[in-house]
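The block underneath contains the structure these notes are about, expressed in structure tokens.
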Amino acid sequence: QVQLVESGGGSVQAGGSLRLSCVVSGNARGTYCMAWVRQAAKKERETVASIYTISTTTHYADSVKGRFHISQDNAKTTLYLEMTDLEPEDTAVYHCAAGPLLNAFCLWRVGSPDEYPHWGQGTQVTVSS
């Protein structure tokens, strides 16, 4: 089982930036799809960014395209989410998520939150206007 631990959340003003990190451990071999999923109060969960770990192909939700950037380190033990030009609507708990083994759906699309069975505990991001 893969373990995911996020960090880097906090409170910023609109227009600011934050960088989230996720340490990946456990049995992650064969996990091709990683993502960041956010959960805002009274809103549905949303996959904001995904990465295919083999080729680093990425996809983004329209709501964050051009502002967020997902990446991983060379050892594939840490996942990042660079968030710039933050808006109050970005306020949410951000979870690092891992897809099922040997499934490469994120090569073509960002994927729905339900397609990622493994989640971290999340980190809070609050953007004030």
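Here's how to read the names in the structure tokens: chain A, B, ... by the order shown, residue numbers from 1 in each chain, ligand numbers from 1 in the order shown.
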Which residues of region 18-59 of chain A come within 9 Å of region 121-126 of chain A, and for each one, what is the closest pair of atoms and their distance in Å to one decimal, counting only C-alpha atoms, sorted by chain and residue number, as CSV?
residue,atom,partner,partner_atom,distance
A:Leu18,CA,A:Val125,CA,8.5
A:Leu20,CA,A:Thr123,CA,8.3
A:Arg38,CA,A:Gly122,CA,8.5
Contacts of Val5 (chain A) at 9 Å or less, counting only C-alpha atoms, minus same-chain residues fewer than 2 places along, as number ranges by chain?
-> A: 3, 7, 21-25, 95-96, 119-122
Spatial neighbours of Gly66 (chain A), 10 Å, only C-alpha atoms, chain gap at least 5 places, as a VMD selection string | chain A and resid 60 to 61 83 to 85
Interatomic distance (Å, one decimal) between CA of Gly8 (chain A) and CA of Val93 (chain A) | 11.4 Å
Who sits within 9 Å of Ala104 (chain A), only C-alpha atoms, same chain under 4 positions skipped, as a PyMOL selection string = chain A and resi 31-33+52+99-100+108
Please produce an output containing C-alpha atoms for each residue in the selection, written as a compact mmCIF listing (two decimals), in the first residue's frame.
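Wrote out03.txt, looks like this:
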# COMPACT_ATOMS: atom_id res chain seq x y z
CA THR A 31 1.75 3.48 -9.70
CA TYR A 32 1.58 5.36 -12.99
CA CYS A 33 -0.87 8.12 -12.09
CA TYR A 52 1.83 10.23 -15.57
CA GLY A 99 -4.01 5.84 -8.89
CA PRO A 100 -4.38 2.05 -9.04
CA TRP A 108 -5.13 11.10 -21.64
Expressed in Å to a single decimal, how great is the separation between CA of Thr56 (chain A) and CA of Gln39 (chain A)?
->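 Computing it gives 24.3 Å between the two atoms.
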By how many Å are CA of Thr58 (chain A) and CA of Ser129 (chain A) apart?
->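 CA of Ser129 (chain A) lies at a distance of 29.2 Å from CA of Thr58 (chain A).
Taking only C-alpha atoms into account, Asn103 (chain A) lies nearest to A:Thr53 out of the set A:Thr78, A:Thr53, A:Ser63, A:Thr91.
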Which residues come within 6 Å of Ala98 (chain A), counting only C-alpha atoms, excluding same-chain residues fewer than 2 positions away, as a PyMOL selection string?
-> chain A and resi 34+116+118
Please report, as an MDAnalysis selection string, each residue of region 20-86 of chain A to which DSSP assigns strand (DSSP E) when run on this structure's backbone.
-> chainID A and resid 20:26 33:39 46:52 57:60 68:72 78:83
